[in-house]
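This is work_7.txt (compact mmCIF, C-alpha atoms).
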```txt
# COMPACT_ATOMS: atom_id res chain seq x y z
CA MET K 1 16.51 80.72 -25.23
CA LYS K 2 18.65 82.98 -23.07
CA VAL K 3 22.42 82.75 -23.66
CA TYR K 4 25.24 84.45 -21.75
CA LEU K 5 28.59 84.71 -23.53
CA ILE K 6 31.30 85.56 -21.00
CA ARG K 7 34.93 86.50 -21.44
CA HIS K 8 37.34 85.01 -18.90
CA ALA K 9 38.66 87.01 -15.94
CA GLN K 10 42.04 88.78 -15.98
CA SER K 11 44.79 86.35 -16.98
CA GLU K 12 48.56 86.43 -16.52
CA ASN K 13 48.90 87.27 -20.21
CA ASN K 14 46.51 90.23 -19.87
CA THR K 15 48.67 91.66 -17.08
CA LEU K 16 51.94 91.05 -18.94
CA LYS K 17 50.72 92.78 -22.10
CA ALA K 18 49.32 95.76 -20.17
CA GLU K 19 52.58 96.22 -18.24
CA LEU K 20 54.72 96.08 -21.38
CA ARG K 21 52.45 98.50 -23.24
CA ASN K 22 52.33 100.97 -20.35
CA GLU K 23 56.13 100.97 -20.10
CA ALA K 24 56.52 101.43 -23.87
CA ARG K 25 54.04 104.33 -23.91
CA ARG K 26 55.90 105.99 -21.04
CA ARG K 27 59.26 105.80 -22.83
CA LEU K 28 58.26 106.34 -26.47
CA GLY K 29 55.15 108.51 -26.20
CA THR K 30 52.00 108.01 -28.24
CA GLU K 31 52.58 110.24 -31.26
CA THR K 32 53.20 107.12 -33.34
CA LEU K 33 52.44 103.43 -32.84
CA ALA K 34 56.11 102.61 -32.19
CA TRP K 35 55.24 101.96 -28.52
CA LYS K 36 52.71 99.28 -29.52
CA THR K 37 55.07 97.57 -31.94
CA GLU K 38 57.86 97.43 -29.38
CA ALA K 39 55.59 96.19 -26.57
CA ASP K 40 54.00 93.50 -28.73
CA ASN K 41 57.39 92.30 -29.96
CA LEU K 42 58.43 91.83 -26.32
CA TYR K 43 55.11 90.26 -25.33
CA ILE K 44 54.72 87.57 -28.00
CA PRO K 45 57.80 85.48 -27.05
CA ARG K 46 57.06 85.86 -23.32
CA ARG K 47 53.34 85.06 -23.30
CA SER K 48 52.11 81.80 -21.79
CA ALA K 49 50.48 79.31 -24.15
CA ASP K 50 47.74 78.60 -21.58
CA PRO K 51 47.89 81.15 -18.74
CA LEU K 52 46.21 81.04 -15.34
CA LEU K 53 44.25 83.85 -13.69
CA THR K 54 45.91 86.63 -11.70
CA LYS K 55 44.90 87.42 -8.11
CA LYS K 56 42.62 90.13 -9.52
CA GLY K 57 41.27 87.64 -12.04
CA ARG K 58 40.38 85.17 -9.31
CA TYR K 59 38.49 87.94 -7.52
CA GLU K 60 36.66 88.88 -10.73
CA ALA K 61 35.70 85.25 -11.34
CA ALA K 62 34.41 84.87 -7.77
CA GLU K 63 32.33 88.06 -8.01
CA LEU K 64 30.95 87.01 -11.39
CA GLY K 65 30.01 83.57 -10.08
CA ARG K 66 28.38 84.97 -6.95
CA SER K 67 26.40 87.63 -8.83
CA LEU K 68 25.25 85.39 -11.68
CA ALA K 69 24.28 82.53 -9.33
CA HIS K 70 22.20 84.99 -7.28
CA LYS K 71 20.50 86.31 -10.41
CA LEU K 72 19.68 82.85 -11.76
CA ARG K 73 18.32 81.65 -8.41
CA ASN K 74 16.06 84.71 -8.15
CA GLU K 75 14.76 84.00 -11.65
CA GLY K 76 14.25 80.30 -10.91
CA LYS K 77 16.72 79.36 -13.65
CA ARG K 78 19.36 76.66 -13.96
CA ALA K 79 22.65 77.11 -15.80
CA VAL K 80 23.92 74.86 -18.57
CA ILE K 81 27.61 75.78 -18.56
CA TYR K 82 30.05 75.39 -21.46
CA SER K 83 33.68 76.47 -21.46
CA SER K 84 36.71 76.64 -23.67
CA PRO K 85 39.36 74.05 -22.63
CA MET K 86 41.81 76.82 -21.78
CA GLN K 87 42.72 77.23 -18.12
CA ARG K 88 41.60 80.85 -17.76
CA THR K 89 38.06 80.13 -18.95
CA ILE K 90 37.62 76.99 -16.83
CA LEU K 91 38.88 78.86 -13.77
CA THR K 92 36.43 81.70 -14.52
CA ALA K 93 33.51 79.29 -14.94
CA THR K 94 34.28 77.26 -11.79
CA PRO K 95 32.77 79.63 -9.15
CA LEU K 96 29.38 79.64 -10.91
CA ALA K 97 29.37 75.85 -11.31
CA LEU K 98 30.26 75.37 -7.63
CA ALA K 99 27.65 77.88 -6.47
CA LEU K 100 24.91 76.13 -8.46
CA GLY K 101 26.09 72.59 -7.81
CA THR K 102 26.51 71.76 -11.49
CA THR K 103 29.33 70.78 -13.86
CA ILE K 104 31.06 72.36 -16.84
CA THR K 105 30.93 70.91 -20.35
CA ILE K 106 34.12 71.53 -22.33
CA ARG K 107 33.98 72.40 -26.05
CA GLY K 108 37.24 72.62 -27.99
CA ASP K 109 35.82 75.04 -30.57
CA LEU K 110 35.40 77.80 -27.95
CA HIS K 111 39.17 78.35 -27.55
CA GLU K 112 40.92 81.66 -28.20
CA VAL K 113 41.99 82.75 -31.66
CA TYR K 114 45.34 81.21 -32.72
CA GLY K 115 44.95 78.24 -30.35
CA VAL K 116 47.73 76.90 -28.12
CA TYR K 117 51.14 78.14 -29.25
CA LYS K 118 54.52 79.48 -28.17
CA SER K 119 56.62 81.90 -30.17
CA ALA K 120 60.36 82.41 -30.50
CA VAL K 121 62.57 84.71 -32.57
CA SER K 122 64.59 82.83 -35.18
CA PRO K 123 68.22 83.73 -36.06
CA ASN K 124 66.95 85.75 -39.04
CA GLY K 125 64.70 87.83 -36.76
CA LYS K 126 61.37 86.23 -37.71
CA LEU K 127 58.85 84.81 -35.26
CA VAL K 128 58.51 81.04 -35.29
CA HIS K 129 55.45 79.46 -33.72
CA SER K 130 55.20 75.98 -32.23
CA ASN K 131 52.65 73.92 -30.32
CA PRO K 132 54.00 73.21 -26.81
CA GLY K 133 51.26 70.66 -26.16
CA SER K 134 47.91 70.87 -24.41
CA LEU K 135 46.13 68.99 -21.65
CA THR K 136 44.31 65.72 -22.31
CA ARG K 137 40.75 64.93 -21.23
CA ASP K 138 41.99 63.09 -18.14
CA GLU K 139 44.42 65.86 -17.20
CA LEU K 140 41.69 68.48 -17.45
CA ARG K 141 39.42 66.44 -15.20
CA GLN K 142 42.21 65.82 -12.69
CA GLN K 143 42.99 69.54 -12.44
CA HIS K 144 39.37 70.72 -12.45
CA LYS K 145 36.97 68.46 -10.53
CA VAL K 146 34.01 70.56 -11.62
CA ILE K 147 34.40 69.44 -15.27
CA GLY K 148 31.72 67.04 -16.48
CA ASP K 149 31.27 66.24 -20.17
CA VAL K 150 34.48 66.21 -22.26
CA SER K 151 33.10 64.21 -25.18
CA HIS K 152 33.58 67.20 -27.52
CA LEU K 153 37.37 66.92 -27.14
CA ARG K 154 39.77 64.56 -28.89
CA PRO K 155 39.63 61.11 -27.21
CA SER K 156 43.43 60.80 -26.98
CA GLY K 157 46.34 63.22 -26.74
CA GLY K 158 46.09 66.92 -25.96
CA TRP K 159 42.86 68.69 -26.82
CA TYR K 160 44.73 71.00 -29.26
CA ASN K 161 47.14 69.32 -31.64
CA GLY K 162 47.28 71.65 -34.63
CA GLU K 163 49.56 74.45 -35.74
CA ARG K 164 48.91 78.07 -34.84
CA GLU K 165 45.44 78.90 -36.12
CA THR K 166 45.02 81.50 -38.86
CA LEU K 167 42.54 84.37 -38.58
CA SER K 168 40.56 82.93 -41.47
CA GLU K 169 40.29 79.57 -39.70
CA ALA K 170 39.17 81.34 -36.52
CA ALA K 171 36.46 83.21 -38.47
CA ASP K 172 35.19 79.92 -39.90
CA ARG K 173 35.17 78.41 -36.41
CA ALA K 174 33.14 81.37 -35.12
CA CYS K 175 30.57 80.76 -37.85
CA GLN K 176 30.43 77.10 -36.81
CA VAL K 177 29.78 78.02 -33.16
CA ALA K 178 27.17 80.62 -34.21
CA ARG K 179 25.32 77.94 -36.16
CA TRP K 180 25.39 75.66 -33.11
CA ILE K 181 23.99 78.40 -30.82
CA GLN K 182 21.15 79.08 -33.27
CA SER K 183 20.49 75.45 -34.20
CA PRO K 184 17.02 73.91 -33.69
CA GLU K 185 18.74 71.00 -31.92
CA LEU K 186 20.19 73.24 -29.20
CA LEU K 187 16.97 75.24 -28.91
CA SER K 188 15.11 71.99 -28.23
CA GLN K 189 17.69 70.80 -25.66
CA ILE K 190 17.70 73.92 -23.46
CA ARG K 191 14.56 73.95 -21.33
CA THR K 192 12.56 77.08 -20.50
CA ASP K 193 13.94 77.04 -16.94
CA GLU K 194 17.55 76.87 -18.15
CA VAL K 195 20.07 79.47 -19.33
CA LEU K 196 23.02 78.59 -21.57
CA VAL K 197 26.26 80.09 -20.19
CA ILE K 198 29.33 79.99 -22.45
CA TYR K 199 32.81 81.03 -21.25
CA SER K 200 35.25 82.00 -23.99
CA HIS K 201 37.81 84.65 -25.00
CA GLY K 202 37.94 88.28 -26.10
CA HIS K 203 39.26 87.91 -29.63
CA PHE K 204 37.08 84.90 -30.39
CA LEU K 205 33.96 86.58 -28.98
CA ASP K 206 34.58 89.51 -31.35
CA LYS K 207 34.39 87.10 -34.27
CA LEU K 208 31.45 85.21 -32.77
CA ILE K 209 29.37 88.38 -32.36
CA LYS K 210 29.90 89.20 -36.03
CA ALA K 211 28.95 85.65 -37.02
CA LEU K 212 25.79 85.83 -34.89
CA MET K 213 24.86 89.07 -36.64
CA GLY K 214 24.85 87.14 -39.90
CA GLY K 215 28.29 88.05 -41.18
CA ARG K 216 31.84 86.79 -41.14
CA ASP K 217 34.89 88.58 -39.78
CA LEU K 218 37.20 89.54 -42.64
CA ALA K 219 40.19 87.57 -41.34
CA GLY K 220 41.51 90.40 -39.21
CA HIS K 221 40.92 93.22 -41.70
CA ASP K 222 37.58 94.42 -40.31
CA PRO K 223 37.44 98.14 -39.48
CA VAL K 224 35.64 97.37 -36.21
CA PHE K 225 36.76 95.26 -33.27
CA PHE K 226 34.42 94.50 -30.36
CA HIS K 227 36.50 94.99 -27.21
CA ILE K 228 35.02 92.63 -24.61
CA ALA K 229 36.09 93.41 -21.04
CA ASN K 230 37.24 90.67 -18.68
CA THR K 231 34.17 88.88 -17.18
CA SER K 232 31.86 90.94 -19.36
CA ILE K 233 28.51 89.29 -20.07
CA ILE K 234 27.12 89.36 -23.60
CA GLU K 235 23.44 88.57 -23.38
CA LEU K 236 21.73 86.80 -26.27
CA THR K 237 18.09 85.96 -26.77
CA VAL K 238 17.67 83.31 -29.45
CA GLU K 239 14.16 82.53 -30.67
CA GLU K 240 12.98 80.22 -33.39
CA GLY K 241 11.14 82.11 -36.12
CA GLU K 242 9.68 81.24 -39.48
CA GLY K 243 12.53 79.42 -41.20
CA LYS K 244 15.20 81.27 -39.20
CA SER K 245 16.44 82.04 -35.71
CA ASN K 246 16.18 85.60 -34.41
CA CYS K 247 19.00 86.79 -32.19
CA SER K 248 19.06 89.87 -29.91
CA ILE K 249 22.49 90.91 -28.58
CA LYS K 250 23.35 93.14 -25.60
CA LEU K 251 27.05 93.90 -25.12
CA ASP K 252 29.40 94.56 -22.18
CA ASN K 253 27.20 93.96 -19.16
CA LEU K 254 29.25 94.16 -15.92
CA PRO K 255 26.82 94.39 -12.98
CA HIS K 256 29.05 92.23 -10.76
CA LEU K 257 31.83 94.83 -11.01
CA GLN K 258 29.45 97.75 -10.42
CA GLY K 259 30.01 99.25 -13.85
CA GLY K 260 33.81 98.96 -13.70
CA ASN K 261 35.58 97.73 -16.83
CA SER K 262 38.21 95.39 -15.37
CA ALA K 263 40.39 95.67 -18.44
CA VAL K 264 40.89 99.45 -18.38
CA GLY K 265 39.85 100.61 -14.89
CA PRO K 266 36.58 102.05 -13.53
CA LYS K 267 34.40 103.32 -16.32
CA LYS K 268 30.69 103.58 -16.99
CA ILE K 269 29.64 101.17 -19.69
CA SER K 270 26.75 102.22 -21.88
CA GLU K 271 24.47 99.36 -22.77
CA SER K 272 24.13 98.89 -26.50
CA VAL K 273 21.55 96.65 -28.06
CA TRP K 274 21.37 95.40 -31.61
CA LYS K 275 18.54 93.23 -32.88
CA ALA K 276 18.77 91.32 -36.09
CA GLY K 277 17.03 88.55 -37.96
CA VAL K 278 20.03 86.51 -39.03
CA ALA K 279 18.40 85.51 -42.29
CA ARG K 280 18.61 89.09 -43.58
CA ARG K 281 21.13 89.81 -46.29
CA ASN K 282 22.69 92.92 -44.75
CA ILE K 283 22.63 94.36 -41.25
CA VAL K 284 23.76 97.88 -40.36
CA MET K 285 25.03 98.32 -36.80
CA VAL K 286 25.59 101.75 -35.25
CA MET K 287 28.43 101.59 -32.75
CA SER K 288 28.32 103.26 -29.34
CA ALA K 289 31.07 105.81 -28.69
CA ALA K 290 31.13 104.88 -25.00
CA LEU K 291 31.59 101.20 -25.79
CA LEU K 292 33.91 101.23 -28.79
CA GLY K 293 35.53 104.67 -28.71
CA LEU K 294 34.10 105.60 -32.09
CA VAL K 295 30.87 106.28 -33.89
CA GLY K 296 30.19 104.72 -37.24
CA SER K 297 28.30 102.01 -39.01
CA TYR K 298 29.31 98.53 -39.98
CA VAL K 299 27.63 96.46 -42.66
CA LEU K 300 27.75 92.71 -42.27
CA GLY K 301 27.12 90.33 -45.14
CA GLY K 302 24.48 87.64 -45.13
CA PRO K 303 24.77 84.35 -43.27
CA ARG K 304 27.74 82.22 -44.26
CA LYS K 305 26.66 78.84 -45.58
```
Show me the file's structure as structure tokens.
Amino acid sequence: MKVYLIRHAQSENNTLKAELRNEARRRLGTETLAWKTEADNLYIPRRSADPLLTKKGRYEAAELGRSLAHKLRNEGKRAVIYSSPMQRTILTATPLALALGTTITIRGDLHEVYGVYKSAVSPNGKLVHSNPGSLTRDELRQQHKVIGDVSHLRPSGGWYNGERETLSEAADRACQVARWIQSPELLSQIRTDEVLVIYSHGHFLDKLIKALMGGRDLAGHDPVFFHIANTSIIELTVEEGEGKSNCSIKLDNLPHLQGGNSAVGPKKISESVWKAGVARRNIVMVMSAALLGLVGSYVLGGPRK
């Protein structure tokens, strides 16, 4: 089974954070991380709980949809499209669905790490997080006509009704999604002429990659973070083996942007491939300097039960 994991196109929050960080670096320099601390302290209270795409993001989504639809048609493949319920992922998935004349299935467990939240600074200087509310099934369908199945969402009220998610909860959720992707049930549902296309988010995809490699992100304390560029395609090949599923992973594929990393500007992306039988106890992954800005190895534990 072929699976494409795709990060959403550039969002309003992506632009806001980049602008604040660039300004802080210009004023404070980069000898220490004071610039990052200041920029992030300004960003967190100003970020949108569920941002839309920027003009550039809409272009990226259109190019992605055009390119991927062309590729799938040439291969004689159909797309089974899943998306996070967040606006930026649905808007990124829409061009592909329209081009192929299909619909998008919404899964609540594909949302970004931390969920839907707003932050404010309390009188004692601490950040306080709250849930500003999220869209219901009907509201999602009204805003996005291309949405089909919403049965995975809560039947009443907003799709996200919890407090701000913890990193540990997000890691557990990534393991849950990894099990779904590798499940015999899903393998039997996706036909040989179909490709599973999943639209999600950068931070969550980092955790999902680690879960697919048979490990579990250490609740934010991992020494390695997979930076996934906007509209980057992570290509998986999932095959049923003897008592396990084998998963091949190829990271940061951006043919629709002609090798340009939309998050940091034009840049050649080196393809990096890791293959792993997920039933193994330990997996050593050698990181690509071009992709991650470092060279090292990372040992993931065995599959989380």
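Taking all atoms listed in the file into account, Ala174 in chain K lies nearest to K:His203 out of the set K:Arg25, K:Arg141, K:His203, K:His227.
The smallest atom-to-atom distance between Arg78 in chain K and any of K:Thr192, K:Asn161, K:Thr54, K:Gln142, using only C-alpha atoms, is found for K:Thr192.
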Contact residues around Asn131 in chain K with only C-alpha atoms at 10 Å, ignoring same-chain residues under 2 positions, as a ChimeraX atom specification: /K:49,115-119,129,133-134,160-164
File of the preceding selection, C-alpha atoms, as a PDB file, keeping the file's coordinate frame:
```
ATOM      1  CA  ALA K  49      50.480  79.310 -24.150  1.00  0.00           C
ATOM      2  CA  GLY K 115      44.950  78.240 -30.350  1.00  0.00           C
ATOM      3  CA  VAL K 116      47.730  76.900 -28.120  1.00  0.00           C
ATOM      4  CA  TYR K 117      51.140  78.140 -29.250  1.00  0.00           C
ATOM      5  CA  LYS K 118      54.520  79.480 -28.170  1.00  0.00           C
ATOM      6  CA  SER K 119      56.620  81.900 -30.170  1.00  0.00           C
ATOM      7  CA  HIS K 129      55.450  79.460 -33.720  1.00  0.00           C
ATOM      8  CA  GLY K 133      51.260  70.660 -26.160  1.00  0.00           C
ATOM      9  CA  SER K 134      47.910  70.870 -24.410  1.00  0.00           C
ATOM     10  CA  TYR K 160      44.730  71.000 -29.260  1.00  0.00           C
ATOM     11  CA  ASN K 161      47.140  69.320 -31.640  1.00  0.00           C
ATOM     12  CA  GLY K 162      47.280  71.650 -34.630  1.00  0.00           C
ATOM     13  CA  GLU K 163      49.560  74.450 -35.740  1.00  0.00           C
ATOM     14  CA  ARG K 164      48.910  78.070 -34.840  1.00  0.00           C
TER      15      ARG K 164
END
```
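Atom to atom, CA of Ile228 in chain K and CA of His201 in chain K stand 8.5 Å apart.
Nearest residue to Val177 in chain K, choosing from K:Thr32, K:Ser84, K:Ser151, K:Thr103 and counting all atoms listed in the file: K:Ser84.
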Residue among K:Val113, K:Ala34, K:Ala24, K:Ile209 lying closest to Glu169 in chain K, counting all atoms listed in the file: K:Val113
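Selection around (41.6, 58.0, -25.1) with radius 10 Å, counting all atoms listed in the file, yields the residues Thr136, Arg137, Asp138, Arg154, Pro155, Ser156 and Gly157 of chain K.
For the choices K:Val146, K:Leu96, K:Ala171, K:Val128, the atom-to-atom distance to Pro45 in chain K is smallest for K:Val128 when using only C-alpha atoms.
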12 Å contact set for Ala18 in chain K, all atoms listed in the file, chain neighbours under 6 positions out, as number ranges by chain: K: 10-12, 24-25, 35-36, 39-40, 42-43, 47, 263-265
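From CA of Leu236 in chain K back to CA of Ile249 in chain K, the distance works out to 4.8 Å.
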Computed interatomic separation between CA of Glu60 in chain K and CA of His8 in chain K (Å): 9.1 Å
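In this comparison, which uses all atoms listed in the file, the residue of K:Gln176, K:Ser183, K:Ser83, K:Ser188 approaching Asp149 in chain K most closely is K:Ser83.
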Spatial neighbours of Ala62 in chain K, max dist 10 Å, all atoms listed in the file, sep filter under 5 positions, as a PyMOL selection string: chain K and resi 9+56-57+67-68+91-96+99+256
Just write the chosen residues, C-alpha atoms, as a PDB file, keeping the file's coordinate frame.
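result_39.pdb was written with the following content:
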```pdb
ATOM      1  CA  ALA K   9      38.660  87.010 -15.940  1.00  0.00           C
ATOM      2  CA  LYS K  56      42.620  90.130  -9.520  1.00  0.00           C
ATOM      3  CA  GLY K  57      41.270  87.640 -12.040  1.00  0.00           C
ATOM      4  CA  SER K  67      26.400  87.630  -8.830  1.00  0.00           C
ATOM      5  CA  LEU K  68      25.250  85.390 -11.680  1.00  0.00           C
ATOM      6  CA  LEU K  91      38.880  78.860 -13.770  1.00  0.00           C
ATOM      7  CA  THR K  92      36.430  81.700 -14.520  1.00  0.00           C
ATOM      8  CA  ALA K  93      33.510  79.290 -14.940  1.00  0.00           C
ATOM      9  CA  THR K  94      34.280  77.260 -11.790  1.00  0.00           C
ATOM     10  CA  PRO K  95      32.770  79.630  -9.150  1.00  0.00           C
ATOM     11  CA  LEU K  96      29.380  79.640 -10.910  1.00  0.00           C
ATOM     12  CA  ALA K  99      27.650  77.880  -6.470  1.00  0.00           C
ATOM     13  CA  HIS K 256      29.050  92.230 -10.760  1.00  0.00           C
TER      14      HIS K 256
END
```
